[in-house]
Structures are given as structure tokens and as C-alpha cells.
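This is query_0.cif. It holds mmCIF, C-alpha atoms (C1' of nucleotides) and all ligand atoms.
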```cif
data_data
#
loop_
_atom_site.label_atom_id
_atom_site.label_comp_id
_atom_site.auth_asym_id
_atom_site.auth_seq_id
_atom_site.Cartn_x
_atom_site.Cartn_y
_atom_site.Cartn_z
CA MET A 1 55.23 76.59 144.59
CA MET A 2 58.48 75.21 145.96
CA ARG A 3 60.25 78.53 146.21
CA LYS A 4 61.78 79.94 149.29
CA MET A 5 58.69 81.96 150.02
CA SER A 6 59.70 83.52 153.30
CA SER A 7 61.18 86.97 152.84
CA TYR A 8 60.54 90.19 154.67
CA PRO A 9 61.29 93.44 152.92
CA ILE A 10 58.48 95.57 151.65
CA GLY A 11 60.07 96.79 148.53
CA PHE A 12 63.70 96.16 149.21
CA THR A 13 63.94 98.07 152.45
CA ALA A 14 63.39 97.07 156.05
CA HIS A 15 60.46 98.39 158.07
CA ASP A 16 58.44 97.95 161.26
CA HIS A 17 56.64 94.78 160.42
CA ALA A 18 54.27 94.29 163.32
CA GLN A 19 53.05 97.83 162.88
CA CYS A 20 52.55 97.50 159.14
CA VAL A 21 50.51 94.32 159.55
CA LYS A 22 48.36 95.86 162.23
CA SER A 23 47.57 99.02 160.34
CA ALA A 24 46.83 97.15 157.12
CA LEU A 25 44.37 94.90 158.94
CA ALA A 26 42.69 97.86 160.55
CA ALA A 27 42.41 99.59 157.19
CA ALA A 28 40.88 96.47 155.64
CA GLN A 29 38.35 96.19 158.45
CA ALA A 30 37.30 99.76 157.95
CA VAL A 31 37.01 99.47 154.18
CA CYS A 32 34.89 96.32 154.48
CA ALA A 33 32.57 97.98 156.95
CA ASN A 34 32.24 100.89 154.55
CA ARG A 35 31.45 98.70 151.61
CA GLY A 36 29.09 96.44 153.49
CA VAL A 37 31.07 93.30 152.78
CA GLN A 38 32.11 90.76 155.36
CA LEU A 39 35.68 90.21 156.42
CA THR A 40 34.98 86.77 157.80
CA PRO A 41 37.45 84.74 159.90
CA VAL A 42 38.85 82.82 156.93
CA ARG A 43 39.22 85.99 154.88
CA LEU A 44 40.72 87.91 157.73
CA ARG A 45 43.18 85.19 158.59
CA THR A 46 44.15 84.78 154.93
CA LEU A 47 44.93 88.45 154.67
CA GLU A 48 46.83 88.32 157.92
CA ILE A 49 48.94 85.42 156.70
CA LEU A 50 49.85 87.25 153.53
CA LEU A 51 50.65 90.40 155.46
CA GLU A 52 52.82 88.56 157.96
CA GLU A 53 54.69 86.67 155.28
CA HIS A 54 55.11 89.82 153.25
CA ALA A 55 56.04 87.75 150.25
CA ALA A 56 54.35 86.12 147.32
CA MET A 57 52.60 82.91 148.35
CA GLY A 58 50.93 80.25 146.26
CA ALA A 59 47.29 79.48 146.98
CA TYR A 60 48.27 76.06 148.26
CA ASP A 61 50.85 77.55 150.63
CA VAL A 62 48.14 79.75 152.08
CA LEU A 63 45.82 76.78 152.24
CA ALA A 64 48.37 74.76 154.20
CA ARG A 65 48.52 77.51 156.81
CA LEU A 66 44.76 77.78 157.02
CA ASN A 67 44.54 74.03 157.35
CA ALA A 68 47.06 73.99 160.18
CA GLU A 69 44.74 76.32 162.04
CA GLY A 70 41.57 74.41 161.30
CA LEU A 71 40.19 77.07 159.00
CA GLY A 72 39.77 74.92 155.92
CA SER A 73 41.61 72.23 154.06
CA LYS A 74 40.21 72.16 150.54
CA PRO A 75 41.40 74.32 147.62
CA PRO A 76 38.13 76.20 147.15
CA VAL A 77 38.44 77.62 150.65
CA ALA A 78 41.74 79.27 149.84
CA TYR A 79 40.76 80.35 146.36
CA ARG A 80 37.55 81.92 147.59
CA ALA A 81 39.25 83.87 150.31
CA LEU A 82 41.98 85.01 147.96
CA GLY A 83 39.44 85.90 145.31
CA PHE A 84 37.56 88.05 147.76
CA LEU A 85 40.70 89.83 148.91
CA VAL A 86 41.81 90.44 145.35
CA ASP A 87 38.37 91.80 144.44
CA GLN A 88 38.53 94.18 147.37
CA GLY A 89 42.04 95.24 146.42
CA PHE A 90 43.74 94.04 149.61
CA VAL A 91 45.73 91.43 147.78
CA HIS A 92 47.23 91.29 144.31
CA ARG A 93 47.77 88.29 142.11
CA ILE A 94 51.18 87.93 140.52
CA GLU A 95 50.66 86.26 137.17
CA GLN A 96 54.21 85.22 136.53
CA LEU A 97 54.38 83.34 139.81
CA ASN A 98 50.81 82.10 140.09
CA ALA A 99 51.00 83.63 143.51
CA PHE A 100 49.41 86.22 145.74
CA ILE A 101 50.78 89.05 147.81
CA ALA A 102 49.26 91.52 150.23
CA CYS A 103 48.96 95.00 148.82
CA ALA A 104 51.72 97.32 149.93
CA HIS A 105 49.73 100.49 149.30
CA PRO A 106 46.29 99.71 150.67
CA GLU A 107 45.53 103.32 151.51
CA ASP A 108 44.19 104.14 148.05
CA ALA A 109 42.97 102.40 144.93
CA HIS A 110 45.65 101.80 142.35
CA SER A 111 46.84 99.42 139.71
CA PRO A 112 49.99 97.74 140.87
CA ALA A 113 53.33 97.10 139.23
CA PHE A 114 55.79 94.55 140.54
CA MET A 115 59.50 93.94 140.56
CA ILE A 116 60.32 90.31 141.12
CA CYS A 117 63.82 89.18 142.01
CA ARG A 118 64.61 85.93 140.24
CA SER A 119 67.35 85.17 142.74
CA CYS A 120 65.79 85.66 146.17
CA GLY A 121 62.13 85.73 145.18
CA THR A 122 61.46 89.06 146.83
CA VAL A 123 58.63 91.04 145.31
CA ALA A 124 58.34 94.81 145.50
CA GLU A 125 55.19 96.67 144.63
CA ALA A 126 55.04 100.06 142.98
CA LYS A 127 52.03 102.01 141.87
CA ALA A 128 51.71 101.88 138.10
CA GLN A 129 51.78 105.28 136.50
CA SER A 130 49.75 105.61 133.37
CA GLY A 131 52.23 105.66 130.51
CA LYS A 132 52.69 105.45 126.79
CA PHE A 133 51.07 102.07 126.62
CA ALA A 134 47.77 103.38 127.96
CA GLN A 135 47.91 106.18 125.42
CA SER A 136 48.58 103.93 122.48
CA ALA A 137 45.83 101.60 123.64
CA ALA A 138 43.39 104.50 123.78
CA GLN A 139 44.47 105.47 120.26
CA THR A 140 43.61 102.07 118.86
CA GLY A 141 40.27 102.23 120.63
CA PHE A 142 41.02 99.54 123.17
CA GLN A 143 39.36 100.17 126.50
CA ILE A 144 41.65 99.09 129.30
CA GLU A 145 39.99 97.78 132.44
CA GLN A 146 42.91 96.24 134.22
CA THR A 147 46.64 95.99 133.66
CA VAL A 148 49.33 93.55 134.65
CA ILE A 149 52.82 94.99 134.93
CA GLU A 150 55.51 92.72 136.26
CA ALA A 151 59.26 93.04 135.86
CA GLU A 152 61.62 90.19 136.56
CA GLY A 153 65.25 90.79 137.32
CA LEU A 154 67.72 91.21 140.14
CA CYS A 155 67.06 93.17 143.29
CA PRO A 156 69.84 95.39 144.64
CA SER A 157 71.11 92.82 147.14
CA CYS A 158 71.26 90.04 144.58
CA GLN A 159 73.31 91.85 141.96
CA PRO A 160 76.90 90.74 141.41
CA GLN A 161 79.20 93.07 143.30
CA VAL A 162 81.75 95.05 141.33
CA GLN A 163 85.39 94.74 142.42
CA SER A 164 86.75 97.92 144.02
CA MET B 165 41.72 76.75 127.77
CA MET B 166 38.13 76.43 126.65
CA ARG B 167 37.91 79.84 125.07
CA LYS B 168 36.87 80.48 121.52
CA MET B 169 40.47 80.52 120.40
CA SER B 170 39.98 81.03 116.70
CA SER B 171 40.23 84.67 115.78
CA TYR B 172 42.08 86.43 113.00
CA PRO B 173 42.97 90.05 113.44
CA ILE B 174 46.50 91.04 114.10
CA GLY B 175 45.88 93.84 116.44
CA PHE B 176 42.29 94.66 115.74
CA THR B 177 42.61 95.20 112.02
CA ALA B 178 42.36 92.83 109.07
CA HIS B 179 45.37 91.92 106.98
CA ASP B 180 46.70 89.54 104.33
CA HIS B 181 47.00 86.44 106.39
CA ALA B 182 48.65 83.97 104.07
CA GLN B 183 51.33 86.51 103.32
CA CYS B 184 51.97 87.34 106.95
CA VAL B 185 52.36 83.68 107.88
CA LYS B 186 54.72 83.06 105.00
CA SER B 187 56.98 85.99 105.72
CA ALA B 188 57.11 85.27 109.43
CA LEU B 189 58.16 81.69 108.75
CA ALA B 190 60.83 82.83 106.33
CA ALA B 191 62.14 85.31 108.86
CA ALA B 192 62.28 82.63 111.54
CA GLN B 193 64.16 80.28 109.22
CA ALA B 194 66.71 82.96 108.51
CA VAL B 195 67.19 83.90 112.13
CA CYS B 196 67.68 80.29 113.16
CA ALA B 197 70.28 79.76 110.46
CA ASN B 198 72.05 82.86 111.67
CA ARG B 199 72.06 81.73 115.26
CA GLY B 200 73.02 78.18 114.48
CA VAL B 201 69.93 76.70 116.11
CA GLN B 202 67.66 74.16 114.52
CA LEU B 203 64.13 74.92 113.46
CA THR B 204 63.12 71.27 113.47
CA PRO B 205 59.84 69.93 112.04
CA VAL B 206 58.02 70.03 115.38
CA ARG B 207 59.25 73.52 116.13
CA LEU B 208 58.49 74.74 112.66
CA ARG B 209 55.02 73.30 112.63
CA THR B 210 54.30 74.66 116.09
CA LEU B 211 55.24 78.13 114.96
CA GLU B 212 53.18 77.70 111.83
CA ILE B 213 50.13 76.66 113.84
CA LEU B 214 50.41 79.71 116.06
CA LEU B 215 50.89 81.96 113.06
CA GLU B 216 47.92 80.51 111.23
CA GLU B 217 45.68 80.71 114.24
CA HIS B 218 46.85 84.23 114.98
CA ALA B 219 45.39 84.01 118.43
CA ALA B 220 46.45 82.97 121.89
CA MET B 221 46.51 79.18 122.22
CA GLY B 222 47.02 77.01 125.26
CA ALA B 223 49.85 74.50 125.17
CA TYR B 224 47.37 71.65 125.09
CA ASP B 225 45.53 73.19 122.17
CA VAL B 226 48.77 73.29 120.23
CA LEU B 227 49.54 69.76 121.34
CA ALA B 228 46.19 68.54 120.04
CA ARG B 229 47.03 69.93 116.63
CA LEU B 230 50.50 68.43 116.62
CA ASN B 231 49.04 65.13 117.68
CA ALA B 232 46.51 65.18 114.85
CA GLU B 233 49.44 65.43 112.48
CA GLY B 234 51.51 62.72 114.10
CA LEU B 235 54.10 65.14 115.42
CA GLY B 236 53.83 64.25 119.08
CA SER B 237 51.16 63.51 121.62
CA LYS B 238 52.70 64.09 125.03
CA PRO B 239 52.80 67.41 126.87
CA PRO B 240 56.61 67.72 126.92
CA VAL B 241 56.67 67.79 123.13
CA ALA B 242 54.50 70.87 123.00
CA TYR B 243 56.14 72.57 125.96
CA ARG B 244 59.61 72.03 124.52
CA ALA B 245 58.70 73.40 121.13
CA LEU B 246 56.96 76.38 122.69
CA GLY B 247 59.87 76.93 125.05
CA PHE B 248 62.26 77.01 122.13
CA LEU B 249 60.13 79.45 120.18
CA VAL B 250 59.73 81.71 123.18
CA ASP B 251 63.49 81.63 123.81
CA GLN B 252 64.11 82.64 120.22
CA GLY B 253 61.53 85.38 120.44
CA PHE B 254 59.19 84.01 117.76
CA VAL B 255 56.43 83.39 120.25
CA HIS B 256 55.35 85.16 123.41
CA ARG B 257 53.76 83.72 126.48
CA ILE B 258 50.69 85.49 127.82
CA GLU B 259 50.74 85.08 131.56
CA GLN B 260 47.15 86.03 132.24
CA LEU B 261 45.89 83.38 129.86
CA ASN B 262 48.48 80.66 130.33
CA ALA B 263 48.69 80.81 126.58
CA PHE B 264 51.05 81.44 123.71
CA ILE B 265 50.87 83.64 120.66
CA ALA B 266 53.09 84.14 117.65
CA CYS B 267 55.01 87.38 117.73
CA ALA B 268 53.46 90.11 115.64
CA HIS B 269 56.70 92.06 115.25
CA PRO B 270 59.31 89.43 114.54
CA GLU B 271 61.51 91.74 112.54
CA ASP B 272 63.36 93.07 115.57
CA ALA B 273 63.97 92.20 119.20
CA HIS B 274 61.54 93.81 121.59
CA SER B 275 59.67 93.33 124.79
CA PRO B 276 56.01 92.93 124.04
CA ALA B 277 52.89 94.46 125.52
CA PHE B 278 49.45 92.97 125.02
CA MET B 279 45.88 94.08 124.89
CA ILE B 280 43.49 91.25 125.63
CA CYS B 281 39.79 91.55 124.89
CA ARG B 282 37.82 89.86 127.65
CA SER B 283 34.81 89.53 125.39
CA CYS B 284 36.11 88.01 122.17
CA GLY B 285 39.52 86.82 123.35
CA THR B 286 41.42 88.68 120.67
CA VAL B 287 44.95 89.61 121.60
CA ALA B 288 46.84 92.51 120.08
CA GLU B 289 50.55 92.97 120.50
CA ALA B 290 52.31 96.31 120.82
CA LYS B 291 55.97 96.97 121.41
CA ALA B 292 56.53 98.06 124.98
CA GLN B 293 58.08 101.48 125.22
CA SER B 294 60.34 102.01 128.17
CA GLY B 295 58.41 104.19 130.56
CA LYS B 296 58.20 105.59 134.04
CA PHE B 297 58.19 102.17 135.60
CA ALA B 298 61.59 101.28 134.15
CA GLN B 299 62.92 104.58 135.45
CA SER B 300 61.61 104.10 138.95
CA ALA B 301 62.95 100.56 138.96
CA ALA B 302 66.39 101.81 137.99
CA GLN B 303 66.15 104.37 140.79
CA THR B 304 65.56 101.73 143.42
CA GLY B 305 68.47 99.72 142.03
CA PHE B 306 66.38 96.93 140.60
CA GLN B 307 67.86 95.51 137.41
CA ILE B 308 65.09 94.58 135.00
CA GLU B 309 65.72 91.64 132.72
CA GLN B 310 62.28 91.01 131.39
CA THR B 311 58.88 92.64 131.65
CA VAL B 312 55.31 91.44 131.40
CA ILE B 313 52.79 94.05 130.32
CA GLU B 314 49.27 92.87 129.68
CA ALA B 315 46.11 94.94 129.60
CA GLU B 316 42.69 93.38 129.80
CA GLY B 317 39.64 95.20 128.55
CA LEU B 318 37.35 95.60 125.56
CA CYS B 319 38.52 95.78 121.99
CA PRO B 320 36.89 98.33 119.67
CA SER B 321 34.41 95.85 118.18
CA CYS B 322 33.28 94.57 121.56
CA GLN B 323 32.48 97.91 123.14
CA PRO B 324 28.83 98.80 123.72
CA GLN B 325 27.65 101.02 120.88
CA VAL B 326 26.45 104.48 121.70
CA GLN B 327 23.02 105.43 120.38
CA SER B 328 23.13 108.00 117.55
"C1'" DC C 329 85.24 53.95 117.07
"C1'" DG C 330 84.20 56.48 121.49
"C1'" DC C 331 82.19 60.36 123.05
"C1'" DA C 332 79.58 64.67 123.51
"C1'" DT C 333 75.57 67.32 122.09
"C1'" DC C 334 71.12 68.01 120.76
"C1'" DA C 335 66.52 66.62 119.91
"C1'" DT C 336 62.71 63.52 120.61
"C1'" DG C 337 59.74 59.87 122.86
"C1'" DT C 338 57.50 58.34 127.03
"C1'" DT C 339 56.15 57.53 131.80
"C1'" DA C 340 54.80 59.39 135.63
"C1'" DT C 341 53.74 62.92 138.57
"C1'" DG C 342 53.34 67.55 140.34
"C1'" DT C 343 50.98 71.99 140.57
"C1'" DT C 344 47.32 75.21 139.96
"C1'" DA C 345 42.32 76.06 139.58
"C1'" DT C 346 37.30 75.41 139.24
"C1'" DA C 347 32.54 73.15 138.71
"C1'" DA C 348 28.93 71.53 141.25
"C1'" DC C 349 26.27 70.39 144.98
"C1'" DA C 350 25.07 70.27 150.09
"C1'" DC C 351 24.54 72.76 154.22
"C1'" DA C 352 24.33 76.63 157.72
"C1'" DC C 353 22.78 80.91 158.99
"C1'" DA C 354 21.17 85.68 159.07
"C1'" DA C 355 17.87 89.17 157.24
"C1'" DC C 356 13.40 90.14 155.65
"C1'" DG C 357 8.61 90.41 154.69
"C1'" DT C 358 4.23 88.19 155.73
"C1'" DA D 359 6.65 81.30 163.17
"C1'" DC D 360 7.40 80.57 158.24
"C1'" DG D 361 9.25 80.48 153.82
"C1'" DT D 362 12.43 82.93 150.92
"C1'" DT D 363 16.63 84.99 149.55
"C1'" DG D 364 21.41 85.97 149.82
"C1'" DT D 365 25.83 84.89 151.33
"C1'" DG D 366 29.35 82.14 153.06
"C1'" DT D 367 31.32 77.55 154.01
"C1'" DG D 368 32.32 72.37 153.48
"C1'" DT D 369 33.30 68.73 150.32
"C1'" DT D 370 33.79 65.83 146.26
"C1'" DA D 371 35.55 65.42 142.11
"C1'" DT D 372 37.87 66.81 138.15
"C1'" DA D 373 39.90 70.01 134.89
"C1'" DA D 374 43.79 72.52 133.21
"C1'" DC D 375 48.57 73.60 133.19
"C1'" DA D 376 53.44 72.09 133.65
"C1'" DT D 377 57.75 69.48 134.54
"C1'" DA D 378 61.10 65.72 136.35
"C1'" DA D 379 63.40 61.91 134.91
"C1'" DC D 380 64.94 58.52 132.04
"C1'" DA D 381 65.40 56.11 127.44
"C1'" DT D 382 66.37 56.40 122.53
"C1'" DG D 383 68.14 58.11 118.22
"C1'" DA D 384 70.81 61.20 115.18
"C1'" DT D 385 74.87 64.17 114.24
"C1'" DG D 386 79.43 65.76 114.47
"C1'" DC D 387 84.10 65.40 115.86
"C1'" DG D 388 88.74 63.80 117.67
ZN ZN A 401 48.71 97.35 145.84
ZN ZN A 402 67.08 89.35 145.31
ZN ZN A 403 56.53 90.26 119.67
ZN ZN A 404 36.68 91.93 121.51
#
```
When written as C-alpha cells, how does the structure in this file appear?
Amino acid sequence: MMRKMSSYPIGFTAHDHAQCVKSALAAAQAVCANRGVQLTPVRLRTLEILLEEHAAMGAYDVLARLNAEGLGSKPPVAYRALGFLVDQGFVHRIEQLNAFIACAHPEDAHSPAFMICRSCGTVAEAKAQSGKFAQSAAQTGFQIEQTVIEAEGLCPSCQPQVQS
Amino acid sequence: MMRKMSSYPIGFTAHDHAQCVKSALAAAQAVCANRGVQLTPVRLRTLEILLEEHAAMGAYDVLARLNAEGLGSKPPVAYRALGFLVDQGFVHRIEQLNAFIACAHPEDAHSPAFMICRSCGTVAEAKAQSGKFAQSAAQTGFQIEQTVIEAEGLCPSCQPQVQS
DNA sequence: CGCATCATGTTATGTTATAACACACAACGT
DNA sequence: ACGTTGTGTGTTATAACATAACATGATGCG
């Protein structure tokens, strides 16, 4: 995971970062309380790291941060925390990058879709709308449980500028 | 990749397998000639293996087969051949499985969409139709170059039967 | 021939992910 | 208090996936 994993935009637009981290954490706390699952220190801190970074991070990148803070140094620690957060829907896994990113729309359940800039590494999350694919799957009798939708390309700021 | 990677259906329906392998190989030969690229023995055999298997295979599974036939024993051999075939569009990579599968629609260029049965491991390929996601991406100014669409779920034969 | 291009062979290593077992601790019924 | 169960953590070890880098051979061309 030697990418420049340190961007900021949610989507491709700026925003109040401190606020967005804080509210996402609060939301997660509430949801966990509701569901009767534990948002333990490692899990909480893992989520916080992903929210602060606001970019796709490899499991071992997360682990390095946890380790620096004395919260665990072995792969299973990171993978367990990430697995929990993914199960709860606070974090999504990005298959193309073997990486994880905090959910940008934690307010409601959804299946995510991502746009991944191959130049700057920025990842934007959209909610996936059910489309033709779901219909054709239903037609063939396939029962969809989970979908992965990831587009790779160039974000607005990384596209070659046209001459005026 | 310790799945039971030895299925048959293209999509979820039976078909004349020998014929489908033969025609796909012929098509690939023709395309390569057209493009002035070489379908070398390793590449050809790799494609043939994937076509025969007609299922998602890990790179090391393919490598094992190549090795058994004296066509190469080291990972780069398999990854290069697979890389070539993916570049040419004869094979697709399935991100969720870290696996490869021969294209089921080699006649024309397309971006694929997959349905992956979590019970039997069968993978069906559909052509991805451009949908709402592409539109919303265009709206935000993101320039899509490649898309990954993979659905996980239960294929028709693996769904629990309803009582009559 | 000298040189560039493409493909292959090989070594070594890097990166991602999980199995399996040991331990701590809280909740619960007896 | 005691054993039991469930859940989370700590740790070892290893599995599974992937590529960098360099050497060798074959082909085509000026
Ligand atoms: Zn989300
Ligand atoms: Zn960009
Ligand atoms: Zn295809
Ligand atoms: Zn099935």
C-alpha cells in the first residue's frame, strides 16, 4: 500500500473536517448502543483514524497507526477492527485497492459506489442506485445480497486542462 | 484460493462446452493477428485453461496447471500471461475473489458485470449497461475509464427451496 | 553486424490476509 | 463464590496474492 494515502476531500469537494469526524463518531456510538454491540477502544480509534484520514487506507497502514499508539501491533488486531466496522456499515472495503475507507453517508443503510482517481488516489463515495444490472440479475433468478461498484478514472482536478 | 473451483455453467445454464472453448480460442487468435500482438504458447494455454475450467481461478491455480505441463513454474509467468489476456479483453479479473475468468462475451468489447454465488462459487458474466452511476459520475466531473461491478449472492440452484 | 523490442526464466521479496490457540473479563444462573 | 458462556484481545505462525529486478533468448531491421 505505498500510495500517497493522505488526501482530504469527501467526494471531490472541501468540507468542515473536524465537524464531519465528530458527527460520524457520535452517530457510530449511537448506532452501536442501539444494536447492543461494543465500540471498543481499538474499534473506535480505528474508525477515527479512517475518518480523519478521509482516504482509502490499507489494513497495514491502519495497523501502523494503531501500533504507534500502543493499541495493537499484529495484523489480526487491525483486520478484526476493520471487519467489525465493515459489518456495522461504518467502513467500506474497496476491492480494487485492497483498502478501507470510512463511510461518507453513515446516516442510513446503503450499498456504496466508488469513484477512484488513478492519479491522486482520491476516493469519492456515492450511494448506489438500483439499476439495470439488479433487474437482469433478478430475471436470471440470481439473488443479490451485496454489490461492489467501483469506477476508476480521473477526478475533476486531475483531468488534463483544455487550452483556452 | 481454496474454493471448489471446478464448475461448468456459463451463466447458470448448461451449454456445449467443447464448442464454446474452440470458438473462443479461434476468436482470440483472430483478434491477436489483427492487433499485431502475439498469442504465444503460454498465453494461449493459459486462456485455454480458463476457458476449459469456465470458472474463476486464482493465479496460482493457473500456475499449477501451467507447471504441470512444463510451461512455467514461477508466479511471474502466470501473472504475465494473465495480464496480457486481461489487457486484450479475453479474460477478466474478479476483484472480490482475487481471481480470473475467461470472458463469456468475447465477440465485442464491453465492460463486464459479474454475479458470484457465495455457495457454489459459480460466476456468471453479464455486460454492464451504462446506468445511473455513470450519469452521476459525469455530473460530478469524474471521468470513468473502467468499472468494476460484482454482485455476490445466491445463484438459482443454491437458493433454499420453497415447500410446495 | 549492432541494436531495439518483445517474451521468457529466475531470484528474491513485498504485500495482504487468516488460522489457531491462549488469556482476560464481564454477565449469568446456581 | 463458582463454573459457564460469550466476547474481545494478544500472539505466533503461516497462507495467499503479487511484483521488482535482472538475466537470457529470439526476432526484426538498418
Ligand atoms: Zn457508505
Ligand atoms: Zn485526482
Ligand atoms: Zn467479458
Ligand atoms: Zn450457487
Proximal residues of chain B relative to chain A (only C-alpha atoms; 10 Å) as a PyMOL selection string: chain B and resi 175-177+258-262+277-282+288+290-298+300-302+304-323
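If you look at atom C1' of DG368 of chain D and atom CA of Gly58 of chain A, they are 21.5 Å away from each other.
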Contact residues (chain B, partner chain D, 12 Å, all atoms listed in the file) as a list in words: Met165, Met166, Gly222, Ala223, Tyr224, Asp225, Lys238, Pro239, Pro240, Val241, Ala242, Tyr243, Arg244, Gly247, Glu259, Leu261, Asn262 and Ala263 of chain B
Quick one: write out the picked residues with C-alpha atoms as a PDB file, in the frame of the given file?
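See part-v4.pdb below for the written result:
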```
ATOM      1  CA  MET B 165      41.720  76.750 127.770  1.00  0.00           C
ATOM      2  CA  MET B 166      38.130  76.430 126.650  1.00  0.00           C
ATOM      3  CA  GLY B 222      47.020  77.010 125.260  1.00  0.00           C
ATOM      4  CA  ALA B 223      49.850  74.500 125.170  1.00  0.00           C
ATOM      5  CA  TYR B 224      47.370  71.650 125.090  1.00  0.00           C
ATOM      6  CA  ASP B 225      45.530  73.190 122.170  1.00  0.00           C
ATOM      7  CA  LYS B 238      52.700  64.090 125.030  1.00  0.00           C
ATOM      8  CA  PRO B 239      52.800  67.410 126.870  1.00  0.00           C
ATOM      9  CA  PRO B 240      56.610  67.720 126.920  1.00  0.00           C
ATOM     10  CA  VAL B 241      56.670  67.790 123.130  1.00  0.00           C
ATOM     11  CA  ALA B 242      54.500  70.870 123.000  1.00  0.00           C
ATOM     12  CA  TYR B 243      56.140  72.570 125.960  1.00  0.00           C
ATOM     13  CA  ARG B 244      59.610  72.030 124.520  1.00  0.00           C
ATOM     14  CA  GLY B 247      59.870  76.930 125.050  1.00  0.00           C
ATOM     15  CA  GLU B 259      50.740  85.080 131.560  1.00  0.00           C
ATOM     16  CA  LEU B 261      45.890  83.380 129.860  1.00  0.00           C
ATOM     17  CA  ASN B 262      48.480  80.660 130.330  1.00  0.00           C
ATOM     18  CA  ALA B 263      48.690  80.810 126.580  1.00  0.00           C
TER      19      ALA B 263
END
```
Distance of atom CA of Glu289 of chain B from atom CA of Leu211 of chain B, expressed in Å to one decimal place: 16.5 Å
Cut-off 10 Å, only C-alpha atoms (C1' of nucleotides) and all ligand atoms, neighbours of ligand ZN 401 (chain A) as a PyMOL selection string: chain A and resi 86+89-93+101-114+124-128
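Nearest to ligand ZN 404 (chain A) of all the residues B:Gln193, B:His181, B:Ser283, B:Val326 is B:Ser283, based on all atoms listed in the file.
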Emit as JSON the padded axis-aligned box for all listed atoms of segment 343-349 of chain C, 3 Å per side, with centre and edge lengths in Å to one decimal.
```
{"center_x": 38.6, "center_y": 73.2, "center_z": 141.8, "size_x": 30.7, "size_y": 11.7, "size_z": 12.3}
```
